[in-house]
>>> print(open('target-v1.cif').read())   # mmCIF, N, CA and C atoms and all ligand atoms
data_coords
loop_
_atom_site.label_atom_id
_atom_site.label_comp_id
_atom_site.auth_asym_id
_atom_site.auth_seq_id
_atom_site.Cartn_x
_atom_site.Cartn_y
_atom_site.Cartn_z
N MET A 1 -8.47 10.92 -19.43
CA MET A 1 -8.41 9.46 -19.50
C MET A 1 -7.03 8.90 -19.17
N SER A 2 -6.01 9.68 -19.49
CA SER A 2 -4.67 9.12 -19.29
C SER A 2 -4.06 9.57 -17.96
N GLU A 3 -4.92 9.61 -16.95
CA GLU A 3 -4.43 10.01 -15.62
C GLU A 3 -3.54 8.92 -15.01
N VAL A 4 -3.83 7.68 -15.36
CA VAL A 4 -3.06 6.59 -14.78
C VAL A 4 -1.80 6.36 -15.59
N LYS A 5 -0.69 6.38 -14.90
CA LYS A 5 0.60 6.15 -15.56
C LYS A 5 1.28 4.98 -14.90
N CYS A 6 2.11 4.31 -15.65
CA CYS A 6 2.88 3.21 -15.10
C CYS A 6 3.82 3.77 -14.02
N PRO A 7 3.75 3.24 -12.79
CA PRO A 7 4.61 3.76 -11.72
C PRO A 7 6.08 3.46 -11.96
N LYS A 8 6.34 2.54 -12.89
CA LYS A 8 7.71 2.13 -13.13
C LYS A 8 8.36 2.97 -14.23
N CYS A 9 7.68 3.07 -15.38
CA CYS A 9 8.31 3.76 -16.51
C CYS A 9 7.59 5.05 -16.90
N GLY A 10 6.44 5.30 -16.31
CA GLY A 10 5.75 6.57 -16.59
C GLY A 10 4.90 6.56 -17.85
N SER A 11 4.87 5.45 -18.56
CA SER A 11 4.07 5.38 -19.78
C SER A 11 2.58 5.38 -19.44
N ASN A 12 1.78 5.98 -20.33
CA ASN A 12 0.33 5.91 -20.10
C ASN A 12 -0.33 4.92 -21.05
N GLN A 13 0.51 4.12 -21.70
CA GLN A 13 -0.02 3.04 -22.54
C GLN A 13 -0.32 1.85 -21.64
N ILE A 14 -1.52 1.85 -21.10
CA ILE A 14 -1.83 0.81 -20.12
C ILE A 14 -3.08 0.06 -20.50
N SER A 15 -3.24 -1.12 -19.94
CA SER A 15 -4.47 -1.87 -20.17
C SER A 15 -4.89 -2.56 -18.88
N ALA A 16 -6.20 -2.54 -18.64
CA ALA A 16 -6.71 -3.21 -17.45
C ALA A 16 -6.98 -4.65 -17.83
N ASN A 17 -6.44 -5.59 -17.06
CA ASN A 17 -6.57 -6.98 -17.45
C ASN A 17 -7.57 -7.76 -16.62
N LYS A 18 -8.78 -7.27 -16.67
CA LYS A 18 -9.85 -8.04 -16.03
C LYS A 18 -11.02 -8.00 -16.98
N LYS A 19 -11.59 -9.13 -17.27
CA LYS A 19 -12.70 -9.17 -18.21
C LYS A 19 -13.88 -8.39 -17.68
N GLY A 20 -14.51 -7.65 -18.57
CA GLY A 20 -15.69 -6.89 -18.18
C GLY A 20 -15.34 -5.64 -17.41
N PHE A 21 -14.08 -5.39 -17.28
CA PHE A 21 -13.67 -4.19 -16.56
C PHE A 21 -12.94 -3.27 -17.51
N SER A 22 -13.54 -2.15 -17.83
CA SER A 22 -12.93 -1.26 -18.81
C SER A 22 -11.81 -0.45 -18.20
N ALA A 23 -10.89 -0.05 -19.04
CA ALA A 23 -9.78 0.80 -18.58
C ALA A 23 -10.34 2.08 -18.00
N GLY A 24 -11.44 2.55 -18.58
CA GLY A 24 -12.06 3.79 -18.08
C GLY A 24 -12.46 3.67 -16.63
N LYS A 25 -13.06 2.54 -16.29
CA LYS A 25 -13.46 2.32 -14.90
C LYS A 25 -12.23 2.23 -14.01
N ALA A 26 -11.22 1.55 -14.50
CA ALA A 26 -9.99 1.41 -13.71
C ALA A 26 -9.38 2.78 -13.45
N VAL A 27 -9.39 3.63 -14.48
CA VAL A 27 -8.85 4.98 -14.32
C VAL A 27 -9.67 5.74 -13.29
N ALA A 28 -10.99 5.67 -13.43
CA ALA A 28 -11.87 6.36 -12.48
C ALA A 28 -11.60 5.84 -11.06
N GLY A 29 -11.43 4.55 -10.95
CA GLY A 29 -11.17 3.94 -9.64
C GLY A 29 -9.89 4.46 -9.05
N ALA A 30 -8.85 4.51 -9.84
CA ALA A 30 -7.56 4.96 -9.35
C ALA A 30 -7.60 6.44 -8.99
N VAL A 31 -8.30 7.22 -9.79
CA VAL A 31 -8.41 8.66 -9.51
C VAL A 31 -9.16 8.87 -8.20
N LEU A 32 -10.25 8.14 -8.02
CA LEU A 32 -11.03 8.22 -6.79
C LEU A 32 -10.20 7.74 -5.61
N ALA A 33 -9.45 6.67 -5.84
CA ALA A 33 -8.68 6.06 -4.76
C ALA A 33 -7.64 7.01 -4.21
N GLY A 34 -7.17 7.92 -5.04
CA GLY A 34 -6.18 8.88 -4.58
C GLY A 34 -6.66 9.64 -3.36
N PRO A 35 -7.59 10.57 -3.54
CA PRO A 35 -8.03 11.40 -2.42
C PRO A 35 -8.84 10.64 -1.38
N VAL A 36 -9.67 9.74 -1.84
CA VAL A 36 -10.55 9.07 -0.88
C VAL A 36 -9.80 8.01 -0.09
N GLY A 37 -8.72 7.52 -0.68
CA GLY A 37 -7.82 6.62 0.03
C GLY A 37 -8.45 5.34 0.49
N LEU A 38 -8.56 5.19 1.80
CA LEU A 38 -8.96 3.90 2.34
C LEU A 38 -10.38 3.51 1.95
N ALA A 39 -11.20 4.49 1.61
CA ALA A 39 -12.55 4.18 1.16
C ALA A 39 -12.52 3.46 -0.18
N ALA A 40 -11.35 3.41 -0.77
CA ALA A 40 -11.19 2.79 -2.08
C ALA A 40 -11.54 1.31 -2.05
N GLY A 41 -11.59 0.75 -0.86
CA GLY A 41 -11.98 -0.65 -0.72
C GLY A 41 -13.33 -0.90 -1.37
N ALA A 42 -14.12 0.14 -1.50
CA ALA A 42 -15.45 0.00 -2.08
C ALA A 42 -15.38 -0.25 -3.59
N ILE A 43 -14.29 0.13 -4.20
CA ILE A 43 -14.19 -0.01 -5.65
C ILE A 43 -13.62 -1.37 -6.01
N GLY A 44 -14.47 -2.29 -6.29
CA GLY A 44 -14.08 -3.61 -6.77
C GLY A 44 -12.77 -4.08 -6.20
N LYS A 45 -12.71 -4.09 -4.92
CA LYS A 45 -11.51 -4.31 -4.13
C LYS A 45 -10.45 -5.26 -4.72
N ASN A 46 -9.33 -4.68 -5.04
CA ASN A 46 -8.14 -5.45 -5.46
C ASN A 46 -8.38 -6.42 -6.61
N LYS A 47 -9.43 -6.16 -7.37
CA LYS A 47 -9.75 -7.15 -8.40
C LYS A 47 -9.15 -6.83 -9.75
N VAL A 48 -8.74 -5.60 -9.90
CA VAL A 48 -8.25 -5.20 -11.21
C VAL A 48 -6.76 -4.94 -11.18
N ASP A 49 -6.06 -5.59 -12.05
CA ASP A 49 -4.66 -5.27 -12.22
C ASP A 49 -4.51 -4.50 -13.52
N ILE A 50 -3.56 -3.61 -13.53
CA ILE A 50 -3.29 -2.85 -14.73
C ILE A 50 -1.92 -3.26 -15.25
N THR A 51 -1.85 -3.45 -16.55
CA THR A 51 -0.58 -3.83 -17.15
C THR A 51 -0.08 -2.71 -18.03
N CYS A 52 1.18 -2.40 -17.89
CA CYS A 52 1.80 -1.38 -18.73
C CYS A 52 2.19 -2.04 -20.05
N LEU A 53 1.72 -1.45 -21.15
CA LEU A 53 2.02 -2.04 -22.46
C LEU A 53 3.45 -1.72 -22.90
N ALA A 54 4.05 -0.74 -22.26
CA ALA A 54 5.41 -0.34 -22.65
C ALA A 54 6.47 -1.22 -22.00
N CYS A 55 6.32 -1.47 -20.68
CA CYS A 55 7.39 -2.21 -20.00
C CYS A 55 6.91 -3.52 -19.38
N GLY A 56 5.61 -3.78 -19.42
CA GLY A 56 5.11 -5.06 -18.92
C GLY A 56 4.86 -5.08 -17.42
N ASN A 57 5.12 -3.98 -16.75
CA ASN A 57 4.88 -3.89 -15.31
C ASN A 57 3.38 -4.04 -15.03
N THR A 58 3.05 -4.83 -14.02
CA THR A 58 1.65 -5.01 -13.65
C THR A 58 1.45 -4.52 -12.22
N TRP A 59 0.38 -3.78 -12.00
CA TRP A 59 0.12 -3.31 -10.64
C TRP A 59 -1.37 -3.17 -10.40
N ASN A 60 -1.70 -3.03 -9.15
CA ASN A 60 -3.09 -2.86 -8.75
C ASN A 60 -3.31 -1.40 -8.36
N PRO A 61 -4.19 -0.70 -9.07
CA PRO A 61 -4.33 0.75 -8.84
C PRO A 61 -4.83 1.08 -7.43
N VAL A 62 -5.71 0.24 -6.90
CA VAL A 62 -6.25 0.51 -5.57
C VAL A 62 -5.16 0.33 -4.51
N GLN A 63 -4.43 -0.79 -4.66
CA GLN A 63 -3.35 -1.07 -3.73
C GLN A 63 -2.27 0.01 -3.79
N LEU A 64 -1.97 0.44 -5.01
CA LEU A 64 -0.94 1.45 -5.20
C LEU A 64 -1.33 2.75 -4.49
N ALA A 65 -2.61 3.14 -4.64
CA ALA A 65 -3.08 4.37 -4.00
C ALA A 65 -3.00 4.25 -2.48
N LYS A 66 -3.36 3.07 -1.97
CA LYS A 66 -3.30 2.84 -0.52
C LYS A 66 -1.87 2.93 -0.03
N ASP A 67 -0.97 2.26 -0.76
CA ASP A 67 0.43 2.26 -0.37
C ASP A 67 0.98 3.68 -0.31
N GLN A 68 0.62 4.47 -1.35
CA GLN A 68 1.13 5.83 -1.41
C GLN A 68 0.60 6.64 -0.23
N GLU A 69 -0.67 6.42 0.10
CA GLU A 69 -1.26 7.16 1.20
C GLU A 69 -0.61 6.79 2.53
N LEU A 70 -0.39 5.49 2.72
CA LEU A 70 0.25 5.03 3.95
C LEU A 70 1.66 5.59 4.07
N ARG A 71 2.38 5.57 2.94
CA ARG A 71 3.74 6.09 2.96
C ARG A 71 3.71 7.57 3.32
N GLN A 72 2.76 8.28 2.72
CA GLN A 72 2.63 9.71 2.98
C GLN A 72 2.35 9.96 4.47
N MET A 73 1.47 9.14 5.05
CA MET A 73 1.14 9.28 6.47
C MET A 73 2.38 9.02 7.33
N GLY A 74 3.17 8.02 6.94
CA GLY A 74 4.39 7.69 7.67
C GLY A 74 5.39 8.83 7.64
N VAL A 75 5.55 9.41 6.45
CA VAL A 75 6.49 10.53 6.29
C VAL A 75 6.05 11.71 7.15
N GLU A 76 4.75 11.96 7.11
CA GLU A 76 4.15 13.05 7.88
C GLU A 76 4.44 12.88 9.37
N ARG A 77 4.23 11.66 9.83
CA ARG A 77 4.37 11.39 11.25
C ARG A 77 5.83 11.49 11.69
N GLU A 78 6.70 11.02 10.83
CA GLU A 78 8.12 11.08 11.13
C GLU A 78 8.56 12.54 11.26
N TRP A 79 8.05 13.35 10.34
CA TRP A 79 8.37 14.77 10.38
C TRP A 79 7.91 15.36 11.71
N ARG A 80 6.67 15.08 12.06
CA ARG A 80 6.10 15.63 13.29
C ARG A 80 6.89 15.21 14.51
N LYS A 81 7.26 13.92 14.53
CA LYS A 81 8.00 13.42 15.69
C LYS A 81 9.37 14.09 15.82
N SER A 82 10.04 14.31 14.69
CA SER A 82 11.36 14.93 14.78
C SER A 82 11.23 16.39 15.19
N PHE A 83 10.15 17.03 14.73
CA PHE A 83 9.90 18.42 15.13
C PHE A 83 9.65 18.51 16.64
N ILE A 84 8.79 17.63 17.14
CA ILE A 84 8.46 17.61 18.56
C ILE A 84 9.71 17.30 19.39
N ALA A 85 10.48 16.32 18.94
CA ALA A 85 11.68 15.92 19.68
C ALA A 85 12.68 17.08 19.77
N ALA A 86 12.85 17.79 18.67
CA ALA A 86 13.79 18.91 18.66
C ALA A 86 13.33 20.00 19.62
N PHE A 87 12.03 20.28 19.59
CA PHE A 87 11.50 21.33 20.47
C PHE A 87 11.64 20.94 21.93
N GLU A 88 11.31 19.70 22.24
CA GLU A 88 11.36 19.24 23.64
C GLU A 88 12.79 19.14 24.15
N ALA A 89 13.74 18.98 23.23
CA ALA A 89 15.15 18.95 23.62
C ALA A 89 15.68 20.39 23.72
N LYS A 90 14.77 21.35 23.58
CA LYS A 90 15.10 22.77 23.63
C LYS A 90 16.06 23.20 22.52
N ASP A 91 16.12 22.40 21.48
CA ASP A 91 16.92 22.76 20.32
C ASP A 91 16.01 23.52 19.36
N LEU A 92 15.73 24.77 19.73
CA LEU A 92 14.74 25.54 18.98
C LEU A 92 15.21 25.83 17.55
N GLU A 93 16.50 26.00 17.40
CA GLU A 93 17.03 26.26 16.07
C GLU A 93 16.75 25.10 15.13
N LYS A 94 16.95 23.90 15.68
CA LYS A 94 16.71 22.70 14.89
C LYS A 94 15.21 22.55 14.57
N ALA A 95 14.39 22.78 15.60
CA ALA A 95 12.94 22.69 15.40
C ALA A 95 12.50 23.65 14.31
N HIS A 96 13.06 24.84 14.35
CA HIS A 96 12.76 25.86 13.36
C HIS A 96 13.17 25.39 11.97
N ALA A 97 14.37 24.82 11.89
CA ALA A 97 14.88 24.34 10.60
C ALA A 97 14.00 23.21 10.06
N ILE A 98 13.57 22.32 10.95
CA ILE A 98 12.70 21.21 10.53
C ILE A 98 11.39 21.76 9.98
N TYR A 99 10.86 22.77 10.66
CA TYR A 99 9.62 23.39 10.20
C TYR A 99 9.81 24.02 8.83
N GLU A 100 10.88 24.79 8.69
CA GLU A 100 11.11 25.52 7.44
C GLU A 100 11.37 24.60 6.26
N LYS A 101 11.97 23.48 6.56
CA LYS A 101 12.27 22.53 5.50
C LYS A 101 10.97 22.03 4.86
N LYS A 102 9.94 21.95 5.68
CA LYS A 102 8.66 21.45 5.18
C LYS A 102 7.75 22.57 4.67
N TYR A 103 7.66 23.63 5.44
CA TYR A 103 6.68 24.67 5.10
C TYR A 103 7.29 25.95 4.56
N GLY A 104 8.60 26.07 4.58
CA GLY A 104 9.23 27.31 4.12
C GLY A 104 9.16 28.38 5.20
N GLU A 105 9.43 29.58 4.78
CA GLU A 105 9.44 30.73 5.71
C GLU A 105 8.11 30.82 6.46
N PRO A 106 8.15 30.87 7.80
CA PRO A 106 6.90 30.98 8.55
C PRO A 106 6.21 32.32 8.29
N ARG A 107 4.89 32.31 8.33
CA ARG A 107 4.17 33.56 8.10
C ARG A 107 4.16 34.43 9.35
N GLU A 108 3.68 35.64 9.17
CA GLU A 108 3.58 36.62 10.26
C GLU A 108 2.77 36.04 11.42
N GLY A 109 3.24 36.27 12.63
CA GLY A 109 2.48 35.83 13.80
C GLY A 109 2.72 34.38 14.17
N TRP A 110 3.49 33.69 13.35
CA TRP A 110 3.77 32.28 13.64
C TRP A 110 4.76 32.19 14.80
N SER A 111 4.58 31.24 15.65
CA SER A 111 5.59 31.03 16.68
C SER A 111 5.83 29.55 16.87
N LEU A 112 7.03 29.26 17.24
CA LEU A 112 7.44 27.87 17.43
C LEU A 112 6.59 27.19 18.50
N GLU A 113 6.24 27.97 19.53
CA GLU A 113 5.46 27.42 20.64
C GLU A 113 4.07 27.00 20.18
N ILE A 114 3.45 27.88 19.39
CA ILE A 114 2.10 27.57 18.90
C ILE A 114 2.15 26.35 17.97
N GLU A 115 3.17 26.33 17.11
CA GLU A 115 3.33 25.22 16.19
C GLU A 115 3.54 23.92 16.97
N TYR A 116 4.37 24.00 17.98
CA TYR A 116 4.65 22.82 18.80
C TYR A 116 3.35 22.31 19.44
N ALA A 117 2.58 23.24 20.01
CA ALA A 117 1.33 22.86 20.67
C ALA A 117 0.40 22.14 19.69
N ALA A 118 0.32 22.69 18.48
CA ALA A 118 -0.57 22.11 17.47
C ALA A 118 -0.09 20.72 17.05
N GLN A 119 1.22 20.61 16.81
CA GLN A 119 1.76 19.32 16.37
C GLN A 119 1.66 18.28 17.47
N LYS A 120 1.89 18.73 18.69
CA LYS A 120 1.84 17.83 19.84
C LYS A 120 0.42 17.28 20.02
N LYS A 121 -0.54 18.17 19.82
CA LYS A 121 -1.94 17.78 19.96
C LYS A 121 -2.28 16.69 18.92
N THR A 122 -1.85 16.92 17.69
CA THR A 122 -2.10 15.95 16.62
C THR A 122 -1.45 14.61 16.96
N GLU A 123 -0.20 14.69 17.41
CA GLU A 123 0.54 13.47 17.72
C GLU A 123 -0.12 12.72 18.88
N ASP A 124 -0.53 13.46 19.91
CA ASP A 124 -1.20 12.82 21.04
C ASP A 124 -2.48 12.13 20.62
N ARG A 125 -3.19 12.78 19.71
CA ARG A 125 -4.44 12.21 19.24
C ARG A 125 -4.18 10.91 18.46
N LEU A 126 -3.14 10.95 17.62
CA LEU A 126 -2.77 9.75 16.86
C LEU A 126 -2.37 8.62 17.80
N GLU A 127 -1.61 9.00 18.81
CA GLU A 127 -1.13 8.02 19.78
C GLU A 127 -2.31 7.38 20.52
N ALA A 128 -3.23 8.25 20.95
CA ALA A 128 -4.40 7.76 21.68
C ALA A 128 -5.21 6.81 20.80
N PHE A 129 -5.32 7.17 19.52
CA PHE A 129 -6.06 6.32 18.61
C PHE A 129 -5.37 4.95 18.46
N THR A 130 -4.06 5.00 18.27
CA THR A 130 -3.30 3.76 18.13
C THR A 130 -3.44 2.90 19.38
N ASN A 131 -3.30 3.53 20.54
CA ASN A 131 -3.44 2.80 21.79
C ASN A 131 -4.84 2.19 21.92
N GLY A 132 -5.84 2.97 21.52
CA GLY A 132 -7.22 2.49 21.56
C GLY A 132 -7.39 1.24 20.73
N VAL A 133 -6.77 1.25 19.57
CA VAL A 133 -6.84 0.08 18.69
C VAL A 133 -6.19 -1.12 19.35
N TYR A 134 -5.03 -0.90 19.98
CA TYR A 134 -4.34 -1.99 20.66
C TYR A 134 -5.15 -2.54 21.82
N VAL A 135 -5.77 -1.62 22.58
CA VAL A 135 -6.58 -2.06 23.72
C VAL A 135 -7.75 -2.91 23.24
N CYS A 136 -8.44 -2.44 22.20
CA CYS A 136 -9.57 -3.21 21.65
C CYS A 136 -9.10 -4.58 21.21
N PHE A 137 -7.99 -4.59 20.49
CA PHE A 137 -7.45 -5.84 19.99
C PHE A 137 -7.10 -6.78 21.14
N GLY A 138 -6.47 -6.21 22.18
CA GLY A 138 -6.10 -6.99 23.35
C GLY A 138 -7.32 -7.59 24.03
N LEU A 139 -8.38 -6.79 24.17
CA LEU A 139 -9.61 -7.27 24.81
C LEU A 139 -10.23 -8.42 24.02
N ILE A 140 -10.20 -8.28 22.70
CA ILE A 140 -10.76 -9.35 21.87
C ILE A 140 -9.97 -10.64 22.05
N VAL A 141 -8.64 -10.51 22.06
CA VAL A 141 -7.79 -11.69 22.24
C VAL A 141 -8.06 -12.33 23.59
N LEU A 142 -8.18 -11.50 24.64
CA LEU A 142 -8.48 -12.01 25.98
C LEU A 142 -9.81 -12.75 26.00
N ALA A 143 -10.81 -12.14 25.37
CA ALA A 143 -12.14 -12.76 25.32
C ALA A 143 -12.07 -14.13 24.66
N ILE A 144 -11.30 -14.22 23.58
CA ILE A 144 -11.18 -15.50 22.88
C ILE A 144 -10.48 -16.52 23.77
N ILE A 145 -9.44 -16.09 24.48
CA ILE A 145 -8.72 -17.01 25.37
C ILE A 145 -9.64 -17.53 26.47
N PHE A 146 -10.40 -16.60 27.10
CA PHE A 146 -11.34 -17.01 28.13
C PHE A 146 -12.34 -18.00 27.59
N TYR A 147 -12.84 -17.69 26.40
CA TYR A 147 -13.81 -18.54 25.79
C TYR A 147 -13.25 -19.95 25.58
N LEU A 148 -12.02 -20.00 25.09
CA LEU A 148 -11.39 -21.28 24.81
C LEU A 148 -11.14 -22.08 26.10
N ILE A 149 -10.82 -21.35 27.18
CA ILE A 149 -10.52 -22.04 28.44
C ILE A 149 -11.80 -22.54 29.11
N TYR A 150 -12.85 -21.73 29.12
CA TYR A 150 -14.01 -22.05 29.95
C TYR A 150 -15.17 -22.72 29.22
N TYR A 151 -15.09 -22.82 27.89
CA TYR A 151 -16.23 -23.44 27.22
C TYR A 151 -15.83 -24.69 26.45
ZN ZN B 201 5.77 0.70 -17.67
#
>>> encode(input="target-v1.cif", output="structure tokens", more="lines below")
Ligand SMILES: [Zn+2]
Amino acid sequence: MSEVKCPKCGSNQISANKKGFSAGKAVAGAVLAGPVGLAAGAIGKNKVDITCLACGNTWNPVQLAKDQELRQMGVEREWRKSFIAAFEAKDLEKAHAIYEKKYGEPREGWSLEIEYAAQKKTEDRLEAFTNGVYVCFGLIVLAIIFYLIYY
């Protein structure tokens, strides 16, 4: 039950401040929101705030989980980009160090080239996805402009 802690002071003396919404549900929501992440929108979206009884800090468990996930994704991507950049600059020692800093000693059979290929593939896929989103968005904007001009 006390899985949810105040992100500010770490106290688990918390209360959910929405009528008809039990702390138990809020806890379940926050726990689910962790791994499931963006699907958390399904859980009474942004409607419940939790207040810390120890320090008075108020936060939204769903939003907090989303923020943490986004931050984690950003950190991940930054790591990947610096690894790729080091490898492509032929600074293999640096690429190796970047890898080890994250994953520790590489296992048997590991090679920088294979790791690079895998990371590059992931990055390319992310890039393609991002570009796809921009293209879709651009097309929608264009369609709206055409509509506004011709109708
Ligand atoms: Zn607190």
>>> residues_near_ligand(input="target-v1.cif", ligand="ligand ZN 201 (chain B)", cutoff="6 Å", atoms="all atoms listed in the file", output="compact mmCIF listing (two decimals) with N, CA and C atoms, keeping the file's coordinate frame")
# COMPACT_ATOMS: atom_id res chain seq x y z
N CYS A 6 2.11 4.31 -15.65
CA CYS A 6 2.88 3.21 -15.10
C CYS A 6 3.82 3.77 -14.02
N PRO A 7 3.75 3.24 -12.79
CA PRO A 7 4.61 3.76 -11.72
C PRO A 7 6.08 3.46 -11.96
N LYS A 8 6.34 2.54 -12.89
CA LYS A 8 7.71 2.13 -13.13
C LYS A 8 8.36 2.97 -14.23
N CYS A 9 7.68 3.07 -15.38
CA CYS A 9 8.31 3.76 -16.51
C CYS A 9 7.59 5.05 -16.90
N GLY A 10 6.44 5.30 -16.31
CA GLY A 10 5.75 6.57 -16.59
C GLY A 10 4.90 6.56 -17.85
N SER A 11 4.87 5.45 -18.56
CA SER A 11 4.07 5.38 -19.78
C SER A 11 2.58 5.38 -19.44
N CYS A 52 1.18 -2.40 -17.89
CA CYS A 52 1.80 -1.38 -18.73
C CYS A 52 2.19 -2.04 -20.05
N LEU A 53 1.72 -1.45 -21.15
CA LEU A 53 2.02 -2.04 -22.46
C LEU A 53 3.45 -1.72 -22.90
N ALA A 54 4.05 -0.74 -22.26
CA ALA A 54 5.41 -0.34 -22.65
C ALA A 54 6.47 -1.22 -22.00
N CYS A 55 6.32 -1.47 -20.68
CA CYS A 55 7.39 -2.21 -20.00
C CYS A 55 6.91 -3.52 -19.38
N GLY A 56 5.61 -3.78 -19.42
CA GLY A 56 5.11 -5.06 -18.92
C GLY A 56 4.86 -5.08 -17.42
N ASN A 57 5.12 -3.98 -16.75
CA ASN A 57 4.88 -3.89 -15.31
C ASN A 57 3.38 -4.04 -15.03
>>> residues_near_point(input="target-v1.cif", point="(10.4, 28.1, 14.5)", cutoff="6 Å", atoms="all atoms listed in the file", output="ChimeraX atom specification")
/A:95-97,111-112
>>> atom_distance(input="target-v1.cif", atom1="CA of Leu70 (chain A)", atom2="CA of Ala85 (chain A)")
22.3 Å
>>> atom_distance(input="target-v1.cif", atom1="CA of Glu88 (chain A)", atom2="CA of Tyr116 (chain A)")
9.0 Å
>>> closest_residue(input="target-v1.cif", among="A:Leu139, A:Ile98, A:Ala128, A:Ala65", to="Glu115 (chain A)", atoms="only C-alpha atoms")
A:Ile98
